[in-house]
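Have a look at the structure below, then the notes.
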Amino acid sequence: MLSTRLQTIAILLPLGLFVIYLGGIAYVVFIGTLLCLAAWEYVKLFHTGGLQPSGVLVVGGVACLILGRIINGLASESWLIVLAIFASMTYHMVAYERGRDQAGTDFGVSLAGILYFGCLGSYLVSLRDLPEGTWWLLMVLSAIWLADGGAFFIGRALGRHPLCPRLSPKKTWEGHLGGIVVGVVLEFGLAYAWRALSGPGSAIQPWHGAVIGLVLAIFAPLGDLGESMVKRQMGAKDSSNIFPGHGGSWDRMDSWLWAVAIGYYMIIWLFI
């Protein structure tokens, strides 16, 4: 399993870094595709549990929120969310009238999917659009990757005390704390290296990397645990199997969704 995971990473990581570097339409299409796939996996997971959120509404709503973020940032988000609420409730009211007794619950699941993947996922666009956005985005994403890697290997070697036994039995406090240390130290090093390469004109400081590494290593894993909650309730191991050894798009982006939103506001409130 580990070798399969590493092989998949060896393919996806260079591709992802190249697309982040390119930006523009290539980046938007890449991120939009991943988010819409994750939203579709979310819908299918709830279908396995007997609920009927609308795939068209969830995926379409996510696509509209991403498009709005591309066109005018956060300016259109409020009315797009209002439209999503109205469209979702109308759709599920019609479903109830046609005999779907759990339409009220379906409405809540549909709306949650639009907001979760659309609003949070769109911060992948907002981060990339910041001044020096390529590097801010890479710092946020690398904080997750480094902390996850540290938590995995340290947890395997030293883990004794379960972090969340029901949600994720293999995660341990030792691994989580190890991931925090790894995230802080290596993010400081990455930010220092970037500062050295870019010169005094850069807004990125080494301590920014340490703070981002600390906060995201603590809080971003909640995105992973949140997905685990849904999968366990629905009796599924992975959101899908499109990435060998890694599951589906949501499995790959679960922590990203928290990290990019937290990282964006940390950066604009504290650093620039």
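Residue names in the structure tokens use chain letters A, B, ... in the order shown, residue numbers from 1 in each chain, and ligand numbers from 1 in the order shown.
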
Exercise. Which neighbours of region 65-75 of chain A fall inside 9 Å, counting only C-alpha atoms, when residues of the same chain fewer than 6 positions from it are skipped, and could you give them as a ChimeraX atom specification?
Worked result: /A:28,32,81,114-115,118-119,121-123,125-126,129

Next, write the just-selected residues to a file, as a tab-separated table (two decimals), in the first residue's frame, keeping N, CA and C atoms as the atom set.
```tsv
chain	number	residue	atom	x	y	z
A	28	VAL	N	-7.01	26.90	-12.95
A	28	VAL	CA	-8.45	26.94	-12.65
A	28	VAL	C	-9.13	25.64	-13.06
A	32	GLY	N	-10.71	23.26	-10.35
A	32	GLY	CA	-12.15	23.10	-10.51
A	32	GLY	C	-12.55	21.65	-10.73
A	81	ILE	N	-24.75	32.21	-2.84
A	81	ILE	CA	-25.20	31.34	-1.75
A	81	ILE	C	-26.71	31.45	-1.58
A	114	ILE	N	-22.70	22.06	-1.33
A	114	ILE	CA	-22.40	23.25	-2.13
A	114	ILE	C	-21.50	24.20	-1.34
A	115	LEU	N	-21.86	24.44	-0.08
A	115	LEU	CA	-21.10	25.38	0.73
A	115	LEU	C	-19.72	24.84	1.08
A	118	GLY	N	-17.75	24.35	-2.38
A	118	GLY	CA	-17.73	25.57	-3.17
A	118	GLY	C	-17.10	26.74	-2.45
A	119	CYS	N	-17.59	27.05	-1.25
A	119	CYS	CA	-17.06	28.20	-0.51
A	119	CYS	C	-15.63	27.95	-0.04
A	121	GLY	N	-13.49	25.46	-0.97
A	121	GLY	CA	-12.59	25.11	-2.06
A	121	GLY	C	-12.18	26.30	-2.89
A	122	SER	N	-13.03	27.32	-2.98
A	122	SER	CA	-12.70	28.49	-3.79
A	122	SER	C	-11.55	29.30	-3.23
A	123	TYR	N	-11.19	29.06	-1.98
A	123	TYR	CA	-10.02	29.76	-1.44
A	123	TYR	C	-8.73	29.28	-2.09
A	125	VAL	N	-8.47	29.39	-5.20
A	125	VAL	CA	-8.37	30.46	-6.19
A	125	VAL	C	-7.91	31.76	-5.53
A	126	SER	N	-8.54	32.09	-4.40
A	126	SER	CA	-8.22	33.35	-3.72
A	126	SER	C	-6.76	33.40	-3.27
A	129	ASP	N	-4.44	34.12	-6.11
A	129	ASP	CA	-4.57	35.47	-6.64
A	129	ASP	C	-3.94	36.55	-5.76
```

For this session: Fewer than 2 positions away in the same chain doesn't count, so skip those; otherwise give me all residues within 12 Å of Phe153 (chain A), counting only C-alpha atoms, as a PyMOL selection string.
Result: chain A and resi 2+146-151+155-159+170-172+174-179+182

Extract, using only C-alpha atoms, all DNA, RNA and protein residues at most 10 Å from Ala87 (chain A), discarding same-chain residues fewer than 3 positions from it, and format them as an mmCIF file with N, CA and C atoms, in the first residue's frame.
```
data_model
loop_
_atom_site.group_PDB
_atom_site.id
_atom_site.type_symbol
_atom_site.label_atom_id
_atom_site.label_comp_id
_atom_site.auth_asym_id
_atom_site.auth_seq_id
_atom_site.Cartn_x
_atom_site.Cartn_y
_atom_site.Cartn_z
ATOM 1 N N LEU A 57 -27.252 19.809 -8.513
ATOM 2 C CA LEU A 57 -27.204 21.028 -7.708
ATOM 3 C C LEU A 57 -25.872 21.176 -6.978
ATOM 4 N N GLY A 61 -23.513 23.906 -8.196
ATOM 5 C CA GLY A 61 -23.322 24.993 -7.245
ATOM 6 C C GLY A 61 -21.848 25.228 -6.937
ATOM 7 N N ILE A 81 -24.749 32.210 -2.842
ATOM 8 C CA ILE A 81 -25.198 31.344 -1.745
ATOM 9 C C ILE A 81 -26.712 31.446 -1.584
ATOM 10 N N VAL A 82 -27.261 32.653 -1.674
ATOM 11 C CA VAL A 82 -28.723 32.821 -1.607
ATOM 12 C C VAL A 82 -29.386 32.022 -2.715
ATOM 13 N N LEU A 83 -28.842 32.106 -3.924
ATOM 14 C CA LEU A 83 -29.401 31.355 -5.055
ATOM 15 C C LEU A 83 -29.314 29.852 -4.804
ATOM 16 N N ALA A 84 -28.204 29.397 -4.220
ATOM 17 C CA ALA A 84 -28.044 27.976 -3.916
ATOM 18 C C ALA A 84 -29.074 27.506 -2.905
ATOM 19 N N THR A 90 -36.137 24.507 -3.354
ATOM 20 C CA THR A 90 -37.177 24.296 -4.375
ATOM 21 C C THR A 90 -37.105 22.891 -4.943
ATOM 22 N N TYR A 91 -35.891 22.461 -5.280
ATOM 23 C CA TYR A 91 -35.713 21.114 -5.841
ATOM 24 C C TYR A 91 -36.237 20.052 -4.884
ATOM 25 N N HIS A 92 -35.883 20.159 -3.622
ATOM 26 C CA HIS A 92 -36.262 19.107 -2.675
ATOM 27 C C HIS A 92 -37.715 19.226 -2.227
ATOM 28 N N MET A 93 -38.311 20.413 -2.297
ATOM 29 C CA MET A 93 -39.759 20.519 -2.073
ATOM 30 C C MET A 93 -40.524 19.760 -3.152
ATOM 31 N N PHE A 107 -32.290 18.074 1.436
ATOM 32 C CA PHE A 107 -32.025 19.501 1.214
ATOM 33 C C PHE A 107 -30.808 19.960 2.026
ATOM 34 N N LEU A 111 -27.285 21.342 0.332
ATOM 35 C CA LEU A 111 -26.785 22.675 0.617
ATOM 36 C C LEU A 111 -25.417 22.626 1.299
#
```

For this session: Tell me which protein, DNA and RNA residues are within 10 Å of Gln52 (chain A), counting only C-alpha atoms, leaving out same-chain ones fewer than 2 positions away, and put them as an NGL selection string.
Result: :A and (43-50 or 54-55 or 92 or 95 or 100 or 102-103 or 105-107 or 109-110)

Would you mind exporting N, CA and C atoms of the selected residues as a compact mmCIF listing (two decimals), in the first residue's frame?
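Result file is part04.txt:
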```txt
# COMPACT_ATOMS: atom_id res chain seq x y z
N VAL A 43 -21.74 13.40 -2.92
CA VAL A 43 -23.12 13.04 -3.25
C VAL A 43 -23.29 11.53 -3.28
N LYS A 44 -22.38 10.84 -3.94
CA LYS A 44 -22.50 9.38 -4.07
C LYS A 44 -22.38 8.69 -2.72
N LEU A 45 -21.54 9.22 -1.83
CA LEU A 45 -21.44 8.64 -0.49
C LEU A 45 -22.78 8.69 0.23
N PHE A 46 -23.46 9.81 0.17
CA PHE A 46 -24.76 9.93 0.84
C PHE A 46 -25.81 9.07 0.15
N HIS A 47 -25.67 8.88 -1.15
CA HIS A 47 -26.59 7.97 -1.84
C HIS A 47 -26.47 6.55 -1.29
N THR A 48 -25.24 6.12 -0.97
CA THR A 48 -25.06 4.77 -0.43
C THR A 48 -25.74 4.63 0.94
N GLY A 49 -25.92 5.75 1.65
CA GLY A 49 -26.57 5.71 2.95
C GLY A 49 -28.07 5.93 2.89
N GLY A 50 -28.63 5.97 1.68
CA GLY A 50 -30.07 6.08 1.55
C GLY A 50 -30.61 7.48 1.39
N SER A 54 -28.94 16.19 -4.44
CA SER A 54 -28.91 16.35 -5.89
C SER A 54 -27.48 16.54 -6.40
N GLY A 55 -27.03 15.60 -7.23
CA GLY A 55 -25.70 15.73 -7.81
C GLY A 55 -25.57 16.95 -8.69
N HIS A 92 -35.88 20.16 -3.62
CA HIS A 92 -36.26 19.11 -2.68
C HIS A 92 -37.71 19.23 -2.23
N ALA A 95 -39.32 17.27 -4.82
CA ALA A 95 -39.08 15.85 -4.54
C ALA A 95 -40.02 15.34 -3.45
N ARG A 100 -40.95 11.78 -1.87
CA ARG A 100 -39.68 11.59 -1.16
C ARG A 100 -39.81 12.11 0.27
N GLN A 102 -37.90 11.93 2.90
CA GLN A 102 -36.72 12.48 3.55
C GLN A 102 -36.14 13.68 2.79
N ALA A 103 -37.01 14.36 2.05
CA ALA A 103 -36.54 15.47 1.22
C ALA A 103 -35.95 16.60 2.06
N THR A 105 -34.15 16.33 4.81
CA THR A 105 -32.76 15.95 5.10
C THR A 105 -31.91 16.05 3.84
N ASP A 106 -32.46 15.61 2.71
CA ASP A 106 -31.73 15.71 1.44
C ASP A 106 -31.37 17.16 1.14
N PHE A 107 -32.29 18.07 1.44
CA PHE A 107 -32.02 19.50 1.21
C PHE A 107 -30.81 19.96 2.03
N VAL A 109 -28.32 18.16 3.13
CA VAL A 109 -27.11 17.54 2.61
C VAL A 109 -26.67 18.21 1.31
N SER A 110 -27.61 18.51 0.43
CA SER A 110 -27.27 19.20 -0.81
C SER A 110 -26.64 20.56 -0.54
```

Exercise. When you draw a straight line from CA of Ser198 (chain A) to CA of Arg128 (chain A), how long is it in Å?
Worked result: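 Answer for the CA of Ser198 (chain A) to CA of Arg128 (chain A) separation: 17.6 Å.
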
Exercise. Neighbours of Ala259 (chain A) within 7 Å (only C-alpha atoms; same-chain residues fewer than 4 positions away dropped), as a list in words?
Worked result: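 So the residues in contact are Val140, Leu216, Ala220, Ser255 and Gly263 of chain A.
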
Exercise. Looking at A:Trp136, A:Trp258, A:Phe18, A:Trp269, which one is nearest to Val215 (chain A), with distances taken over only C-alpha atoms?
Worked result: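 Ranked by minimum distance to Val215 (chain A), first place goes to A:Trp258.
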
Exercise. A:Tyr192, A:Pro244, A:Val185, A:Ile204: which is nearest Ala217 (chain A), counting only C-alpha atoms?
Worked result: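 Checking each of A:Tyr192, A:Pro244, A:Val185, A:Ile204 against Ala217 (chain A), counting only C-alpha atoms, the winner is A:Val185.
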
Exercise. Restricting the calculation to only C-alpha atoms, which member of A:Tyr96, A:Tyr265, A:Tyr116, A:Phe30 is positioned closest to Glu227 (chain A)?
Worked result: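 Of all the options, A:Tyr116 lies closest to Glu227 (chain A).
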
Exercise. Quick one: residues within 9 Å of region 207-213 of chain A, only C-alpha atoms counted, chain neighbours fewer than 6 positions away excluded, as a list of chain:residue names?
Worked result: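 Surrounding residues, per the criterion: A:Met139, A:Val140, A:Ser142, A:Ala143, A:Ile144, A:Leu146, A:Ala147, A:Ile180, A:Val181, A:Val182, A:Gly183, A:Val184, A:Val185, A:Leu186, A:Glu187, A:Phe188, A:Gly189, A:Leu190, A:Ala191, A:Tyr192, A:Gly263, A:Met266, A:Ile267, A:Leu270, A:Phe271.
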
Limited to N, CA and C atoms, could you put the picked residues into a file as a PDB file, in the first residue's frame?
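Listed below is the output, part.pdb:
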```pdb
ATOM      1  N   MET A 139       3.093  27.444   0.361  1.00  0.00           N
ATOM      2  CA  MET A 139       3.361  27.355   1.791  1.00  0.00           C
ATOM      3  C   MET A 139       2.198  26.709   2.529  1.00  0.00           C
ATOM      4  N   VAL A 140       0.981  27.090   2.170  1.00  0.00           N
ATOM      5  CA  VAL A 140      -0.200  26.514   2.831  1.00  0.00           C
ATOM      6  C   VAL A 140      -0.314  25.030   2.527  1.00  0.00           C
ATOM      7  N   SER A 142       2.039  22.962   1.392  1.00  0.00           N
ATOM      8  CA  SER A 142       3.171  22.201   1.904  1.00  0.00           C
ATOM      9  C   SER A 142       3.071  21.997   3.408  1.00  0.00           C
ATOM     10  N   ALA A 143       2.441  22.943   4.118  1.00  0.00           N
ATOM     11  CA  ALA A 143       2.242  22.760   5.556  1.00  0.00           C
ATOM     12  C   ALA A 143       1.411  21.512   5.834  1.00  0.00           C
ATOM     13  N   ILE A 144       0.391  21.271   5.003  1.00  0.00           N
ATOM     14  CA  ILE A 144      -0.431  20.067   5.166  1.00  0.00           C
ATOM     15  C   ILE A 144       0.382  18.832   4.839  1.00  0.00           C
ATOM     16  N   LEU A 146       3.632  18.319   4.731  1.00  0.00           N
ATOM     17  CA  LEU A 146       4.721  18.036   5.664  1.00  0.00           C
ATOM     18  C   LEU A 146       4.193  17.530   7.006  1.00  0.00           C
ATOM     19  N   ALA A 147       3.146  18.178   7.507  1.00  0.00           N
ATOM     20  CA  ALA A 147       2.578  17.744   8.785  1.00  0.00           C
ATOM     21  C   ALA A 147       1.959  16.350   8.664  1.00  0.00           C
ATOM     22  N   ILE A 180       2.928  18.405  14.059  1.00  0.00           N
ATOM     23  CA  ILE A 180       3.008  19.834  14.368  1.00  0.00           C
ATOM     24  C   ILE A 180       4.465  20.294  14.387  1.00  0.00           C
ATOM     25  N   VAL A 181       5.316  19.523  15.057  1.00  0.00           N
ATOM     26  CA  VAL A 181       6.736  19.892  15.131  1.00  0.00           C
ATOM     27  C   VAL A 181       7.360  19.914  13.732  1.00  0.00           C
ATOM     28  N   VAL A 182       7.094  18.878  12.951  1.00  0.00           N
ATOM     29  CA  VAL A 182       7.632  18.805  11.592  1.00  0.00           C
ATOM     30  C   VAL A 182       7.118  19.977  10.756  1.00  0.00           C
ATOM     31  N   GLY A 183       5.816  20.268  10.870  1.00  0.00           N
ATOM     32  CA  GLY A 183       5.239  21.365  10.101  1.00  0.00           C
ATOM     33  C   GLY A 183       5.871  22.700  10.429  1.00  0.00           C
ATOM     34  N   VAL A 184       6.075  22.979  11.710  1.00  0.00           N
ATOM     35  CA  VAL A 184       6.658  24.259  12.118  1.00  0.00           C
ATOM     36  C   VAL A 184       8.100  24.383  11.624  1.00  0.00           C
ATOM     37  N   VAL A 185       8.900  23.362  11.881  1.00  0.00           N
ATOM     38  CA  VAL A 185      10.328  23.434  11.553  1.00  0.00           C
ATOM     39  C   VAL A 185      10.550  23.518  10.045  1.00  0.00           C
ATOM     40  N   LEU A 186       9.905  22.639   9.291  1.00  0.00           N
ATOM     41  CA  LEU A 186      10.153  22.616   7.852  1.00  0.00           C
ATOM     42  C   LEU A 186       9.508  23.794   7.131  1.00  0.00           C
ATOM     43  N   GLU A 187       8.367  24.261   7.618  1.00  0.00           N
ATOM     44  CA  GLU A 187       7.771  25.455   7.015  1.00  0.00           C
ATOM     45  C   GLU A 187       8.636  26.690   7.264  1.00  0.00           C
ATOM     46  N   PHE A 188       9.234  26.786   8.440  1.00  0.00           N
ATOM     47  CA  PHE A 188      10.187  27.868   8.699  1.00  0.00           C
ATOM     48  C   PHE A 188      11.341  27.795   7.693  1.00  0.00           C
ATOM     49  N   GLY A 189      11.847  26.583   7.480  1.00  0.00           N
ATOM     50  CA  GLY A 189      12.948  26.406   6.544  1.00  0.00           C
ATOM     51  C   GLY A 189      12.569  26.765   5.124  1.00  0.00           C
ATOM     52  N   LEU A 190      11.360  26.383   4.689  1.00  0.00           N
ATOM     53  CA  LEU A 190      10.919  26.717   3.336  1.00  0.00           C
ATOM     54  C   LEU A 190      10.759  28.219   3.154  1.00  0.00           C
ATOM     55  N   ALA A 191      10.161  28.867   4.152  1.00  0.00           N
ATOM     56  CA  ALA A 191       9.981  30.311   4.059  1.00  0.00           C
ATOM     57  C   ALA A 191      11.334  31.029   4.070  1.00  0.00           C
ATOM     58  N   TYR A 192      12.261  30.529   4.860  1.00  0.00           N
ATOM     59  CA  TYR A 192      13.609  31.117   4.898  1.00  0.00           C
ATOM     60  C   TYR A 192      14.290  30.973   3.536  1.00  0.00           C
ATOM     61  N   GLY A 263      -5.623  29.511   5.975  1.00  0.00           N
ATOM     62  CA  GLY A 263      -4.396  30.144   5.505  1.00  0.00           C
ATOM     63  C   GLY A 263      -4.650  31.492   4.852  1.00  0.00           C
ATOM     64  N   MET A 266      -5.366  34.073   7.582  1.00  0.00           N
ATOM     65  CA  MET A 266      -4.127  34.341   8.319  1.00  0.00           C
ATOM     66  C   MET A 266      -3.223  35.282   7.529  1.00  0.00           C
ATOM     67  N   ILE A 267      -3.094  35.026   6.250  1.00  0.00           N
ATOM     68  CA  ILE A 267      -2.183  35.811   5.409  1.00  0.00           C
ATOM     69  C   ILE A 267      -2.660  37.247   5.260  1.00  0.00           C
ATOM     70  N   LEU A 270      -2.730  38.983   8.950  1.00  0.00           N
ATOM     71  CA  LEU A 270      -1.512  39.041   9.767  1.00  0.00           C
ATOM     72  C   LEU A 270      -0.248  39.391   8.995  1.00  0.00           C
ATOM     73  N   PHE A 271      -0.192  39.013   7.717  1.00  0.00           N
ATOM     74  CA  PHE A 271       1.097  39.034   7.029  1.00  0.00           C
ATOM     75  C   PHE A 271       1.214  40.063   5.920  1.00  0.00           C
TER      76      PHE A 271
END
```

Problem set entry | Backbone-only DSSP, helix (DSSP H, G or I) members of region 60-259 of chain A, as a ChimeraX atom specification | /A:60-72,77-97,103-120,123-128,133-158,173-198,206-219,221-234,249-259

Could you turn the residues from that selection into a file that holds C-alpha atoms, as a tab-separated table (two decimals), in the first residue's frame?
```tsv
chain	number	residue	atom	x	y	z
A	60	GLY	CA	-23.25	22.83	-10.36
A	61	GLY	CA	-23.32	24.99	-7.24
A	62	VAL	CA	-19.65	24.28	-6.54
A	63	ALA	CA	-18.75	25.17	-10.14
A	64	CYS	CA	-20.70	28.45	-9.90
A	65	LEU	CA	-18.99	29.46	-6.65
A	66	ILE	CA	-15.58	28.73	-8.13
A	67	LEU	CA	-16.45	30.71	-11.27
A	68	GLY	CA	-17.66	33.62	-9.15
A	69	ARG	CA	-14.42	33.62	-7.18
A	70	ILE	CA	-12.46	33.69	-10.45
A	71	ILE	CA	-14.45	36.57	-11.91
A	72	ASN	CA	-14.74	38.97	-8.96
A	77	GLU	CA	-20.43	34.92	-3.14
A	78	SER	CA	-23.33	36.18	-1.00
A	79	TRP	CA	-25.92	36.23	-3.79
A	80	LEU	CA	-24.64	32.92	-5.17
A	81	ILE	CA	-25.20	31.34	-1.75
A	82	VAL	CA	-28.72	32.82	-1.61
A	83	LEU	CA	-29.40	31.36	-5.06
A	84	ALA	CA	-28.04	27.98	-3.92
A	85	ILE	CA	-30.37	27.98	-0.90
A	86	PHE	CA	-33.41	28.82	-3.00
A	87	ALA	CA	-32.57	26.31	-5.74
A	88	SER	CA	-31.86	23.50	-3.28
A	89	MET	CA	-35.02	24.02	-1.26
A	90	THR	CA	-37.18	24.30	-4.37
A	91	TYR	CA	-35.71	21.11	-5.84
A	92	HIS	CA	-36.26	19.11	-2.68
A	93	MET	CA	-39.76	20.52	-2.07
A	94	VAL	CA	-40.70	19.16	-5.49
A	95	ALA	CA	-39.08	15.85	-4.54
A	96	TYR	CA	-41.17	15.73	-1.35
A	97	GLU	CA	-44.32	16.46	-3.29
A	103	ALA	CA	-36.54	15.47	1.22
A	104	GLY	CA	-35.89	17.86	4.12
A	105	THR	CA	-32.76	15.95	5.10
A	106	ASP	CA	-31.73	15.71	1.44
A	107	PHE	CA	-32.02	19.50	1.21
A	108	GLY	CA	-29.62	19.95	4.13
A	109	VAL	CA	-27.11	17.54	2.61
A	110	SER	CA	-27.27	19.20	-0.81
A	111	LEU	CA	-26.79	22.67	0.62
A	112	ALA	CA	-23.95	21.56	2.90
A	113	GLY	CA	-22.12	20.05	-0.09
A	114	ILE	CA	-22.40	23.25	-2.13
A	115	LEU	CA	-21.10	25.38	0.73
A	116	TYR	CA	-18.40	22.99	1.89
A	117	PHE	CA	-16.75	22.33	-1.45
A	118	GLY	CA	-17.73	25.57	-3.17
A	119	CYS	CA	-17.06	28.20	-0.51
A	120	LEU	CA	-14.06	26.54	1.14
A	123	TYR	CA	-10.02	29.76	-1.44
A	124	LEU	CA	-7.63	27.78	-3.61
A	125	VAL	CA	-8.37	30.46	-6.19
A	126	SER	CA	-8.22	33.35	-3.72
A	127	LEU	CA	-4.84	32.25	-2.34
A	128	ARG	CA	-3.32	31.96	-5.80
A	133	GLY	CA	0.17	34.02	-4.43
A	134	THR	CA	2.10	31.13	-5.93
A	135	TRP	CA	4.34	31.00	-2.90
A	136	TRP	CA	1.65	31.64	-0.32
A	137	LEU	CA	-0.36	28.79	-1.83
A	138	LEU	CA	2.65	26.48	-1.84
A	139	MET	CA	3.36	27.36	1.79
A	140	VAL	CA	-0.20	26.51	2.83
A	141	LEU	CA	-0.33	23.26	0.90
A	142	SER	CA	3.17	22.20	1.90
A	143	ALA	CA	2.24	22.76	5.56
A	144	ILE	CA	-0.43	20.07	5.17
A	145	TRP	CA	1.81	17.69	3.25
A	146	LEU	CA	4.72	18.04	5.66
A	147	ALA	CA	2.58	17.74	8.78
A	148	ASP	CA	0.71	14.75	7.33
A	149	GLY	CA	3.97	13.02	6.46
A	150	GLY	CA	5.43	13.74	9.89
A	151	ALA	CA	2.28	12.54	11.64
A	152	PHE	CA	2.20	9.35	9.55
A	153	PHE	CA	5.79	8.25	10.15
A	154	ILE	CA	6.06	9.43	13.75
A	155	GLY	CA	2.69	7.90	14.53
A	156	ARG	CA	3.77	4.56	13.08
A	157	ALA	CA	6.97	4.59	15.11
A	158	LEU	CA	5.83	6.06	18.41
A	173	TRP	CA	-1.65	11.98	19.70
A	174	GLU	CA	2.04	11.20	19.25
A	175	GLY	CA	1.66	11.37	15.47
A	176	HIS	CA	-0.37	14.57	15.63
A	177	LEU	CA	2.16	16.30	17.90
A	178	GLY	CA	5.01	15.04	15.73
A	179	GLY	CA	3.27	16.44	12.66
A	180	ILE	CA	3.01	19.83	14.37
A	181	VAL	CA	6.74	19.89	15.13
A	182	VAL	CA	7.63	18.81	11.59
A	183	GLY	CA	5.24	21.37	10.10
A	184	VAL	CA	6.66	24.26	12.12
A	185	VAL	CA	10.33	23.43	11.55
A	186	LEU	CA	10.15	22.62	7.85
A	187	GLU	CA	7.77	25.45	7.01
A	188	PHE	CA	10.19	27.87	8.70
A	189	GLY	CA	12.95	26.41	6.54
A	190	LEU	CA	10.92	26.72	3.34
A	191	ALA	CA	9.98	30.31	4.06
A	192	TYR	CA	13.61	31.12	4.90
A	193	ALA	CA	14.77	29.56	1.63
A	194	TRP	CA	12.20	31.52	-0.38
A	195	ARG	CA	13.17	34.74	1.37
A	196	ALA	CA	16.83	34.11	0.59
A	197	LEU	CA	16.06	33.45	-3.07
A	198	SER	CA	13.63	36.32	-3.63
A	206	PRO	CA	10.58	32.88	7.85
A	207	TRP	CA	8.38	33.36	10.92
A	208	HIS	CA	5.34	33.43	8.62
A	209	GLY	CA	6.18	29.87	7.62
A	210	ALA	CA	6.50	28.76	11.24
A	211	VAL	CA	3.13	30.28	12.18
A	212	ILE	CA	1.38	28.82	9.13
A	213	GLY	CA	2.95	25.43	9.85
A	214	LEU	CA	1.83	25.56	13.49
A	215	VAL	CA	-1.77	26.62	12.91
A	216	LEU	CA	-2.44	24.39	9.93
A	217	ALA	CA	-0.80	21.35	11.51
A	218	ILE	CA	-3.17	21.78	14.46
A	219	PHE	CA	-6.43	22.54	12.66
A	221	PRO	CA	-6.51	17.57	10.14
A	222	LEU	CA	-10.08	18.33	11.23
A	223	GLY	CA	-10.96	18.30	7.52
A	224	ASP	CA	-9.66	14.74	7.31
A	225	LEU	CA	-11.57	13.71	10.43
A	226	GLY	CA	-14.72	15.38	9.13
A	227	GLU	CA	-14.59	13.33	5.95
A	228	SER	CA	-13.97	10.21	8.06
A	229	MET	CA	-17.17	10.99	9.96
A	230	VAL	CA	-19.19	10.97	6.73
A	231	LYS	CA	-17.47	7.86	5.33
A	232	ARG	CA	-17.98	5.88	8.55
A	233	GLN	CA	-21.62	6.85	8.78
A	234	MET	CA	-22.10	5.76	5.17
A	249	SER	CA	-10.50	13.46	-4.87
A	250	TRP	CA	-12.17	14.28	-1.55
A	251	ASP	CA	-9.71	11.96	0.21
A	252	ARG	CA	-6.86	14.02	-1.27
A	253	MET	CA	-8.44	17.41	-0.59
A	254	ASP	CA	-10.05	16.82	2.81
A	255	SER	CA	-7.44	18.82	4.76
A	256	TRP	CA	-6.92	21.31	1.92
A	257	LEU	CA	-10.44	22.66	2.31
A	258	TRP	CA	-9.79	23.74	5.87
A	259	ALA	CA	-6.18	24.78	5.27
```

Go through region 46-243 of chain A and collect every residue that DSSP, computed from the backbone, puts in strand (DSSP E); the answer should be as a PDB file with C-alpha atoms, in the first residue's frame.
```
ATOM      1  CA  PRO A 162      -5.472   7.199  19.862  1.00  0.00           C
ATOM      2  CA  LEU A 163      -6.444  10.713  18.824  1.00  0.00           C
ATOM      3  CA  CYS A 164     -10.026   9.968  17.717  1.00  0.00           C
ATOM      4  CA  SER A 168      -9.795   7.449  12.700  1.00  0.00           C
ATOM      5  CA  PRO A 169      -8.400   4.633  14.882  1.00  0.00           C
ATOM      6  CA  LYS A 170      -4.911   4.797  13.349  1.00  0.00           C
ATOM      7  CA  LYS A 171      -4.306   8.447  14.210  1.00  0.00           C
ATOM      8  CA  THR A 172      -2.494   9.026  17.485  1.00  0.00           C
TER       9      THR A 172
END
```

For this session: Calculate how many Å separate CA of Tyr21 (chain A) from CA of Leu130 (chain A), rounding to one decimal.
Result: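 CA of Tyr21 (chain A) sits 13.7 Å away from CA of Leu130 (chain A).
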